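Text of run_19.cif, listed as mmCIF, C-alpha atoms:
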data_protein
#
loop_
_atom_site.label_atom_id
_atom_site.label_comp_id
_atom_site.auth_asym_id
_atom_site.auth_seq_id
_atom_site.Cartn_x
_atom_site.Cartn_y
_atom_site.Cartn_z
CA MET Y 5 0.00 0.00 0.00
CA ARG Y 6 3.07 2.23 0.29
CA ASN Y 7 2.99 3.57 -3.24
CA THR Y 8 -0.69 4.44 -2.95
CA ILE Y 9 -0.45 6.39 0.32
CA PRO Y 10 -1.30 9.82 -1.20
CA LEU Y 11 -4.22 8.31 -3.14
CA THR Y 12 -5.40 6.44 -0.03
CA PHE Y 13 -5.32 9.66 1.96
CA ILE Y 14 -7.43 11.49 -0.65
CA CYS Y 15 -9.81 8.52 -0.84
CA ILE Y 16 -10.32 8.53 2.94
CA ILE Y 17 -11.16 12.24 2.83
CA PHE Y 18 -13.68 11.71 0.04
CA MET Y 19 -15.18 8.71 1.83
CA LEU Y 20 -15.69 10.77 4.99
CA LEU Y 21 -17.17 13.52 2.84
CA SER Y 22 -19.46 10.92 1.22
CA ILE Y 23 -20.70 9.68 4.59
CA TYR Y 24 -21.33 13.25 5.72
CA SER Y 25 -23.13 14.08 2.47
CA VAL Y 26 -25.26 10.93 2.46
CA PHE Y 27 -26.40 11.06 6.09
CA LEU Y 28 -26.29 14.76 6.98
CA TYR Y 29 -26.24 16.93 3.83
CA SER Y 30 -28.59 15.22 1.38
CA PRO Y 31 -32.28 15.45 2.19
CA VAL Y 32 -34.55 12.51 3.05
CA GLU Y 33 -36.53 11.64 -0.05
CA GLN Y 34 -40.24 12.41 0.40
CA ASN Y 35 -41.76 9.25 -1.03
CA GLN Y 36 -39.22 6.55 -0.20
CA GLY Y 37 -37.96 7.92 3.09
CA ILE Y 38 -34.55 7.21 4.54
CA VAL Y 39 -34.06 3.91 2.69
CA GLN Y 40 -33.60 5.95 -0.53
CA LYS Y 41 -30.11 6.84 0.76
CA ILE Y 42 -28.98 3.37 -0.35
CA PHE Y 43 -29.09 4.97 -3.83
CA TYR Y 44 -25.76 6.79 -3.40
CA PHE Y 45 -23.58 3.74 -2.70
CA HIS Y 46 -25.71 1.43 -4.87
CA VAL Y 47 -25.23 3.63 -7.95
CA SER Y 48 -21.57 4.28 -7.10
CA SER Y 49 -20.94 0.52 -6.87
CA ALA Y 50 -22.62 0.05 -10.24
CA TRP Y 51 -20.50 2.84 -11.73
CA VAL Y 52 -17.27 1.22 -10.51
CA GLY Y 53 -18.44 -2.20 -11.69
CA PHE Y 54 -19.08 -0.85 -15.19
CA LEU Y 55 -15.83 1.10 -15.18
CA ALA Y 56 -13.91 -2.01 -14.13
CA PHE Y 57 -15.48 -4.10 -16.88
CA PHE Y 58 -14.78 -1.34 -19.41
CA ILE Y 59 -11.12 -1.55 -18.39
CA VAL Y 60 -11.30 -5.33 -18.84
CA PHE Y 61 -12.81 -4.75 -22.30
CA LEU Y 62 -10.09 -2.28 -23.37
CA SER Y 63 -7.16 -4.19 -21.90
CA SER Y 64 -8.43 -7.49 -23.35
CA ILE Y 65 -8.47 -5.92 -26.83
CA LEU Y 66 -4.96 -4.58 -26.24
CA PHE Y 67 -3.77 -7.98 -25.03
CA LEU Y 68 -5.13 -9.79 -28.08
CA TRP Y 69 -3.56 -7.15 -30.32
CA LYS Y 70 -0.17 -6.60 -28.69
CA LYS Y 71 0.16 -9.93 -26.78
CA GLU Y 72 1.80 -8.13 -23.84
CA ARG Y 73 1.46 -9.57 -20.33
CA LYS Y 74 0.77 -6.13 -18.75
CA TRP Y 75 -2.63 -5.89 -20.53
CA ASP Y 76 -3.56 -9.37 -19.35
CA ILE Y 77 -2.66 -8.42 -15.76
CA LEU Y 78 -4.78 -5.26 -15.99
CA ALA Y 79 -7.74 -7.19 -17.41
CA HIS Y 80 -7.60 -9.91 -14.76
CA SER Y 81 -7.18 -7.42 -11.91
CA SER Y 82 -9.99 -5.19 -13.09
CA ALA Y 83 -12.35 -8.15 -13.59
CA GLU Y 84 -11.92 -9.25 -9.99
CA ILE Y 85 -12.67 -5.77 -8.68
CA GLY Y 86 -15.61 -5.44 -11.07
CA VAL Y 87 -17.12 -8.65 -9.68
CA ILE Y 88 -16.73 -7.35 -6.11
CA PHE Y 89 -18.58 -4.12 -6.90
CA THR Y 90 -21.26 -5.78 -8.99
CA THR Y 91 -21.84 -8.16 -6.07
CA LEU Y 92 -22.41 -5.08 -3.92
CA VAL Y 93 -24.94 -3.78 -6.46
CA LEU Y 94 -26.81 -7.11 -6.37
CA MET Y 95 -26.80 -7.13 -2.56
CA THR Y 96 -27.79 -3.50 -1.94
CA GLY Y 97 -30.41 -3.48 -4.69
CA PRO Y 98 -32.71 -6.01 -2.96
CA LEU Y 99 -32.25 -4.22 0.37
CA TRP Y 100 -33.61 -1.10 -1.34
CA ALA Y 101 -36.21 -3.01 -3.36
CA LYS Y 102 -37.85 -4.88 -0.50
CA PRO Y 103 -39.25 -1.85 1.38
CA ILE Y 104 -40.09 0.03 -1.85
CA TRP Y 105 -41.32 -2.65 -4.27
CA GLY Y 106 -42.35 -5.17 -1.63
CA VAL Y 107 -40.12 -7.88 -3.16
CA TRP Y 108 -36.43 -8.77 -2.75
CA TRP Y 109 -36.03 -9.60 -6.43
CA SER Y 110 -37.86 -9.28 -9.73
CA TRP Y 111 -36.92 -10.70 -13.14
CA ASP Y 112 -36.99 -7.15 -14.37
CA PRO Y 113 -34.75 -6.34 -17.42
CA ARG Y 114 -32.24 -4.23 -15.51
CA LEU Y 115 -31.90 -6.64 -12.61
CA THR Y 116 -31.69 -9.63 -14.93
CA THR Y 117 -29.06 -8.08 -17.23
CA THR Y 118 -27.02 -7.05 -14.19
CA LEU Y 119 -27.16 -10.60 -12.84
CA ILE Y 120 -26.07 -11.87 -16.26
CA LEU Y 121 -23.13 -9.44 -16.18
CA TRP Y 122 -22.11 -10.76 -12.77
CA LEU Y 123 -22.35 -14.37 -14.00
CA ILE Y 124 -20.26 -13.58 -17.10
CA TYR Y 125 -17.40 -12.11 -15.09
CA VAL Y 126 -17.60 -14.73 -12.35
CA SER Y 127 -17.11 -17.28 -15.12
CA TYR Y 128 -14.22 -15.11 -16.37
CA LEU Y 129 -12.57 -15.47 -12.94
CA MET Y 130 -13.28 -19.21 -12.91
CA LEU Y 131 -11.61 -19.49 -16.32
CA ARG Y 132 -8.57 -17.64 -14.95
CA SER Y 133 -8.26 -20.22 -12.19
CA GLN Y 134 -8.08 -23.14 -14.62
CA THR Y 135 -4.85 -25.08 -15.02
CA ILE Y 136 -4.45 -24.75 -18.74
CA GLY Y 137 -1.60 -23.01 -20.58
CA GLU Y 138 -1.12 -19.45 -19.35
CA TYR Y 139 -1.24 -17.83 -22.80
CA GLN Y 140 -4.22 -19.93 -23.89
CA LYS Y 141 -6.06 -19.06 -20.67
CA ALA Y 142 -5.32 -15.37 -21.15
CA LYS Y 143 -6.53 -15.46 -24.75
CA PHE Y 144 -9.86 -17.18 -23.88
CA ALA Y 145 -10.35 -14.81 -20.94
CA ALA Y 146 -9.68 -11.80 -23.18
CA VAL Y 147 -12.39 -12.91 -25.61
CA LEU Y 148 -14.84 -13.45 -22.73
CA GLY Y 149 -13.87 -10.08 -21.27
CA ILE Y 150 -14.64 -8.34 -24.58
CA VAL Y 151 -17.92 -10.15 -25.30
CA GLY Y 152 -19.10 -9.86 -21.70
CA PHE Y 153 -18.83 -6.10 -21.76
CA LEU Y 154 -21.55 -5.94 -24.43
CA ASP Y 155 -24.00 -6.51 -21.55
CA VAL Y 156 -23.11 -3.16 -19.96
CA PRO Y 157 -24.80 -0.85 -22.53
CA LEU Y 158 -27.71 -3.30 -22.51
CA ILE Y 159 -28.09 -2.77 -18.76
CA HIS Y 160 -28.21 0.98 -19.25
CA ILE Y 161 -30.81 0.97 -22.03
CA SER Y 162 -32.87 -1.89 -20.54
CA VAL Y 163 -34.95 0.61 -18.55
CA LEU Y 164 -35.59 2.63 -21.74
CA TRP Y 165 -36.41 -0.25 -24.09
CA TRP Y 166 -38.47 -2.46 -21.79
CA ARG Y 167 -41.12 -2.09 -19.11
CA THR Y 168 -39.32 -2.20 -15.80
CA LEU Y 169 -39.78 -1.71 -12.06
CA HIS Y 170 -36.33 -0.18 -11.87
CA PRO Y 171 -36.23 3.65 -12.05
CA LYS Y 172 -35.23 5.16 -15.38
CA PRO Y 173 -31.92 7.11 -15.60
CA ILE Y 174 -32.06 10.29 -13.56
CA VAL Y 175 -28.52 11.50 -14.20
CA LEU Y 176 -27.29 9.89 -17.44
CA LYS Y 177 -30.10 11.24 -19.57
CA THR Y 178 -30.79 14.17 -21.89
CA GLY Y 179 -31.46 17.44 -20.09
CA THR Y 180 -30.70 18.28 -16.47
CA PRO Y 181 -30.47 15.58 -13.78
CA ALA Y 182 -33.89 14.72 -12.40
CA LEU Y 183 -33.00 15.09 -8.75
CA PRO Y 184 -32.36 17.98 -6.33
CA MET Y 185 -28.88 19.50 -6.58
CA SER Y 186 -27.97 18.45 -3.03
CA MET Y 187 -28.63 14.84 -3.99
CA PHE Y 188 -26.75 15.30 -7.25
CA TYR Y 189 -23.67 16.71 -5.46
CA THR Y 190 -23.83 13.88 -2.92
CA LEU Y 191 -23.91 11.35 -5.73
CA ILE Y 192 -20.92 12.99 -7.44
CA ILE Y 193 -18.90 12.89 -4.19
CA CYS Y 194 -19.76 9.20 -3.74
CA LEU Y 195 -18.84 8.44 -7.36
CA ILE Y 196 -15.46 10.13 -6.88
CA SER Y 197 -14.85 8.22 -3.61
CA PHE Y 198 -15.62 4.89 -5.20
CA THR Y 199 -13.51 5.66 -8.25
CA LEU Y 200 -10.56 6.50 -6.01
CA LEU Y 201 -11.15 3.24 -4.15
CA TYR Y 202 -11.11 1.38 -7.45
CA LEU Y 203 -7.78 2.99 -8.35
CA ILE Y 204 -6.27 1.90 -5.01
CA MET Y 205 -7.57 -1.64 -5.40
CA ILE Y 206 -6.44 -2.02 -9.00
CA SER Y 207 -2.99 -0.73 -8.11
CA GLN Y 208 -2.62 -3.34 -5.34
CA ARG Y 209 -4.10 -6.10 -7.45
CA ILE Y 210 -1.71 -5.39 -10.34
CA ASN Y 211 1.16 -5.37 -7.85
CA ILE Y 212 0.12 -8.84 -6.67
CA GLU Y 213 0.17 -10.22 -10.22
CA LYS Y 214 3.58 -8.66 -10.89
CA MET Y 215 4.96 -10.21 -7.69
CA LYS Y 216 3.57 -13.61 -8.69
CA ASP Y 217 5.36 -13.27 -12.04
CA GLU Y 218 8.58 -12.35 -10.22
CA ILE Y 219 8.25 -15.39 -7.97
CA ARG Y 220 7.76 -17.64 -10.98
CA SER Y 221 10.83 -16.15 -12.60
CA ILE Y 222 13.00 -16.59 -9.49
CA LYS Y 223 11.79 -20.18 -9.01
CA SER Y 224 12.62 -20.88 -12.62
CA SER Y 225 16.16 -19.48 -12.07
CA LEU Y 226 16.56 -21.60 -8.94
CA SER Y 227 15.59 -24.78 -10.74
CA GLU Y 228 18.20 -24.24 -13.49
CA MET M 23 -37.52 5.57 11.58
CA LYS M 24 -39.18 3.34 8.99
CA ASN M 25 -36.93 1.00 6.98
CA LEU M 26 -33.79 2.10 8.84
CA SER M 27 -32.71 -1.54 9.24
CA TYR M 28 -32.51 -1.92 5.44
CA LEU M 29 -30.32 1.18 5.18
CA ILE M 30 -28.02 0.00 7.97
CA SER M 31 -27.79 -3.49 6.43
CA ALA M 32 -26.92 -2.09 3.00
CA TYR M 33 -24.16 0.19 4.28
CA GLY M 34 -22.96 -2.50 6.67
CA ILE M 35 -22.58 -5.00 3.84
CA ILE M 36 -20.74 -2.46 1.68
CA TRP M 37 -18.21 -1.58 4.38
CA VAL M 38 -17.64 -5.19 5.43
CA VAL M 39 -17.11 -6.43 1.87
CA LEU M 40 -14.83 -3.54 0.87
CA PHE M 41 -12.72 -3.72 4.02
CA ALA M 42 -12.46 -7.52 3.78
CA TYR M 43 -11.29 -7.29 0.17
CA LEU M 44 -8.78 -4.52 0.94
CA LEU M 45 -7.45 -6.56 3.87
CA LYS M 46 -7.13 -9.59 1.60
CA LEU M 47 -5.13 -7.54 -0.93
CA ILE M 48 -2.82 -6.13 1.75
CA ARG M 49 -2.17 -9.55 3.30
CA LYS M 50 -1.51 -11.12 -0.10
CA CYS M 51 0.95 -8.33 -0.96
CA ASP M 52 2.76 -8.84 2.34
CA SER M 53 3.03 -12.61 1.97
CA LEU M 54 4.27 -12.36 -1.63
CA GLU M 55 6.86 -9.74 -0.63
CA LYS M 56 8.17 -12.09 2.07
CA GLU M 57 8.29 -14.96 -0.41
CA ILE M 58 10.26 -12.85 -2.90
CA ILE M 59 12.78 -11.86 -0.22
CA SER M 60 13.19 -15.50 0.84
CA LEU M 61 13.60 -16.69 -2.77
CA LYS M 62 16.13 -13.96 -3.56
CA GLU M 63 18.15 -15.04 -0.50
CA SER M 64 18.08 -18.65 -1.75
CA LEU M 65 19.15 -17.47 -5.19
CA SER M 66 22.09 -15.47 -3.85
CA ARG M 67 23.13 -18.43 -1.65
CA ASN M 68 23.10 -20.74 -4.65
CA LYS M 69 25.28 -18.32 -6.60
#
Written form, structure tokens:
Amino acid sequence: MRNTIPLTFICIIFMLLSIYSVFLYSPVEQNQGIVQKIFYFHVSSAWVGFLAFFIVFLSSILFLWKKERKWDILAHSSAEIGVIFTTLVLMTGPLWAKPIWGVWWSWDPRLTTTLILWLIYVSYLMLRSQTIGEYQKAKFAAVLGIVGFLDVPLIHISVLWWRTLHPKPIVLKTGTPALPMSMFYTLIICLISFTLLYLIMISQRINIEKMKDEIRSIKSSLSE
Amino acid sequence: MKNLSYLISAYGIIWVVLFAYLLKLIRKCDSLEKEIISLKESLSRNK
């Protein structure tokens, strides 16, 4: 964590600011009450999940094109973090849904496509744990990482194309955001916090992969 | 306050999962660093 100390410090400040904004600054929503505050971390988790899978998508393309190990490391690391955050989305969503919709889960287009995304990248991680040739494994994973990302735009437009319980976009839409500015600022602060957290995690995760490569190299030298 | 338990559960889960994952990363980094040091010592001894 040493090389991420400045970033960690900034992240902690933004996280504290997020907590303050969520619980003290942003108003209680009139219709949903206090449970609506799940929105800030739920959406932020989704944002990081999608960002992580976008990084997997880009780095997988670069790996297939340039065949350089660094892109494979980035893809693998980002996929793991993306699965963590998408898991958080799938756990916090039902906790918000139950008091508002009356059900923990619905086979609604957005929820279903998000679950599919989670399953795709969980299978990506399972593929990475297989004992097949390293380059072959990386190649298959890269293809899955690219194809899997196609679900992300589908998740976003699912609420526009199909009838859904899930609220339609209130920020990423044409025109001004459809929420009070205090809520909008709170959301922005939470998005920044989570993005900083992603950067810290990806940095550590990449470091782990590099150290594993170094260990393999040293062991190979020792066996000669 | 109505539905407060859902809010607390959601934020509780988020913090627990994120801290657990960060802790896992830190511990893995530490153990790999120690392994590298040990292997480098073996390598220098062999030379």
ask   = What is the CA of Asp52 (chain M) to CA of Ile206 (chain Y) distance in Å?
value = 16.1 Å
Selection dump of the PyMOL selection byres ((chain M) within 8 of (chain Y)), as a PDB file with C-alpha atoms, keeping the file's coordinate frame:
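Written output follows (result36.pdb):
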ATOM      1  CA  MET M  23     -37.520   5.570  11.580  1.00  0.00           C
ATOM      2  CA  LYS M  24     -39.180   3.340   8.990  1.00  0.00           C
ATOM      3  CA  ASN M  25     -36.930   1.000   6.980  1.00  0.00           C
ATOM      4  CA  LEU M  26     -33.790   2.100   8.840  1.00  0.00           C
ATOM      5  CA  TYR M  28     -32.510  -1.920   5.440  1.00  0.00           C
ATOM      6  CA  LEU M  29     -30.320   1.180   5.180  1.00  0.00           C
ATOM      7  CA  SER M  31     -27.790  -3.490   6.430  1.00  0.00           C
ATOM      8  CA  ALA M  32     -26.920  -2.090   3.000  1.00  0.00           C
ATOM      9  CA  TYR M  33     -24.160   0.190   4.280  1.00  0.00           C
ATOM     10  CA  ILE M  35     -22.580  -5.000   3.840  1.00  0.00           C
ATOM     11  CA  ILE M  36     -20.740  -2.460   1.680  1.00  0.00           C
ATOM     12  CA  VAL M  39     -17.110  -6.430   1.870  1.00  0.00           C
ATOM     13  CA  LEU M  44      -8.780  -4.520   0.940  1.00  0.00           C
ATOM     14  CA  LEU M  47      -5.130  -7.540  -0.930  1.00  0.00           C
ATOM     15  CA  ILE M  48      -2.820  -6.130   1.750  1.00  0.00           C
ATOM     16  CA  LYS M  50      -1.510 -11.120  -0.100  1.00  0.00           C
ATOM     17  CA  CYS M  51       0.950  -8.330  -0.960  1.00  0.00           C
ATOM     18  CA  LEU M  54       4.270 -12.360  -1.630  1.00  0.00           C
ATOM     19  CA  GLU M  55       6.860  -9.740  -0.630  1.00  0.00           C
ATOM     20  CA  GLU M  57       8.290 -14.960  -0.410  1.00  0.00           C
ATOM     21  CA  ILE M  58      10.260 -12.850  -2.900  1.00  0.00           C
ATOM     22  CA  LEU M  61      13.600 -16.690  -2.770  1.00  0.00           C
ATOM     23  CA  LYS M  62      16.130 -13.960  -3.560  1.00  0.00           C
ATOM     24  CA  SER M  64      18.080 -18.650  -1.750  1.00  0.00           C
ATOM     25  CA  LEU M  65      19.150 -17.470  -5.190  1.00  0.00           C
ATOM     26  CA  ASN M  68      23.100 -20.740  -4.650  1.00  0.00           C
TER      27      ASN M  68
END
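If you look at CA of Ser224 (chain Y) and CA of Glu138 (chain Y), they are 15.4 Å away from each other.
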ask   = If we count only C-alpha atoms, what is near region 142-159 of chain Y at a cut-off of 8 Å, once residues fewer than 4 positions away on the same chain are taken out, given as a list in words?
value = Phe54, Phe57, Phe58, Val60, Phe61, Leu62, Ser64, Ile65, Phe67, Leu68, Asp76, Ala79, Pro113, Arg114, Thr117, Thr118, Ile120, Leu121, Ile124, Tyr125, Tyr128, Leu131, Arg132, Glu138 and Val163 of chain Y
Limited to C-alpha atoms, could you put the picked residues into a file as a CSV table (one decimal), in the frame of the given file?
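Contents of part.csv, freshly written:
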chain,number,residue,atom,x,y,z
Y,54,PHE,CA,-19.1,-0.8,-15.2
Y,57,PHE,CA,-15.5,-4.1,-16.9
Y,58,PHE,CA,-14.8,-1.3,-19.4
Y,60,VAL,CA,-11.3,-5.3,-18.8
Y,61,PHE,CA,-12.8,-4.8,-22.3
Y,62,LEU,CA,-10.1,-2.3,-23.4
Y,64,SER,CA,-8.4,-7.5,-23.4
Y,65,ILE,CA,-8.5,-5.9,-26.8
Y,67,PHE,CA,-3.8,-8.0,-25.0
Y,68,LEU,CA,-5.1,-9.8,-28.1
Y,76,ASP,CA,-3.6,-9.4,-19.4
Y,79,ALA,CA,-7.7,-7.2,-17.4
Y,113,PRO,CA,-34.8,-6.3,-17.4
Y,114,ARG,CA,-32.2,-4.2,-15.5
Y,117,THR,CA,-29.1,-8.1,-17.2
Y,118,THR,CA,-27.0,-7.0,-14.2
Y,120,ILE,CA,-26.1,-11.9,-16.3
Y,121,LEU,CA,-23.1,-9.4,-16.2
Y,124,ILE,CA,-20.3,-13.6,-17.1
Y,125,TYR,CA,-17.4,-12.1,-15.1
Y,128,TYR,CA,-14.2,-15.1,-16.4
Y,131,LEU,CA,-11.6,-19.5,-16.3
Y,132,ARG,CA,-8.6,-17.6,-15.0
Y,138,GLU,CA,-1.1,-19.4,-19.4
Y,163,VAL,CA,-35.0,0.6,-18.6
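With CA of Ser63 (chain Y) on one side and CA of His160 (chain Y) on the other, the separation reads 21.8 Å.
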Neighbourhood query: residues within 12 Å of (-23.4, 7.9, 1.1), file coordinates, counting all atoms listed in the file; return as a CSV table (one decimal) with C-alpha atoms, in the coordinates of the input.
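This went into selection38.csv:
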chain,number,residue,atom,x,y,z
Y,18,PHE,CA,-13.7,11.7,0.0
Y,19,MET,CA,-15.2,8.7,1.8
Y,20,LEU,CA,-15.7,10.8,5.0
Y,21,LEU,CA,-17.2,13.5,2.8
Y,22,SER,CA,-19.5,10.9,1.2
Y,23,ILE,CA,-20.7,9.7,4.6
Y,24,TYR,CA,-21.3,13.2,5.7
Y,25,SER,CA,-23.1,14.1,2.5
Y,26,VAL,CA,-25.3,10.9,2.5
Y,27,PHE,CA,-26.4,11.1,6.1
Y,28,LEU,CA,-26.3,14.8,7.0
Y,29,TYR,CA,-26.2,16.9,3.8
Y,30,SER,CA,-28.6,15.2,1.4
Y,31,PRO,CA,-32.3,15.4,2.2
Y,38,ILE,CA,-34.6,7.2,4.5
Y,39,VAL,CA,-34.1,3.9,2.7
Y,40,GLN,CA,-33.6,6.0,-0.5
Y,41,LYS,CA,-30.1,6.8,0.8
Y,42,ILE,CA,-29.0,3.4,-0.4
Y,43,PHE,CA,-29.1,5.0,-3.8
Y,44,TYR,CA,-25.8,6.8,-3.4
Y,45,PHE,CA,-23.6,3.7,-2.7
Y,46,HIS,CA,-25.7,1.4,-4.9
Y,47,VAL,CA,-25.2,3.6,-8.0
Y,48,SER,CA,-21.6,4.3,-7.1
Y,49,SER,CA,-20.9,0.5,-6.9
Y,187,MET,CA,-28.6,14.8,-4.0
Y,188,PHE,CA,-26.8,15.3,-7.2
Y,189,TYR,CA,-23.7,16.7,-5.5
Y,190,THR,CA,-23.8,13.9,-2.9
Y,191,LEU,CA,-23.9,11.4,-5.7
Y,192,ILE,CA,-20.9,13.0,-7.4
Y,193,ILE,CA,-18.9,12.9,-4.2
Y,194,CYS,CA,-19.8,9.2,-3.7
Y,195,LEU,CA,-18.8,8.4,-7.4
Y,196,ILE,CA,-15.5,10.1,-6.9
Y,197,SER,CA,-14.8,8.2,-3.6
Y,198,PHE,CA,-15.6,4.9,-5.2
M,29,LEU,CA,-30.3,1.2,5.2
M,30,ILE,CA,-28.0,0.0,8.0
M,32,ALA,CA,-26.9,-2.1,3.0
M,33,TYR,CA,-24.2,0.2,4.3
M,34,GLY,CA,-23.0,-2.5,6.7
M,36,ILE,CA,-20.7,-2.5,1.7
M,37,TRP,CA,-18.2,-1.6,4.4
request  = Let me know the residues the PyMOL selection byres ((chain Y and resi 53) around 6) catches in the file above, as a ChimeraX atom specification.
outcome  = /Y:50-52,54-56,86,89-90
Padding 3 Å on every side, please: axis-aligned box over the listed atoms of region 42-47 of chain M, centre and edge lengths to one decimal in Å, as lines of an AutoDock Vina configuration file.
center_x = -8.8
center_y = -7.1
center_z = 1.5
size_x = 13.3
size_y = 11.1
size_z = 10.8
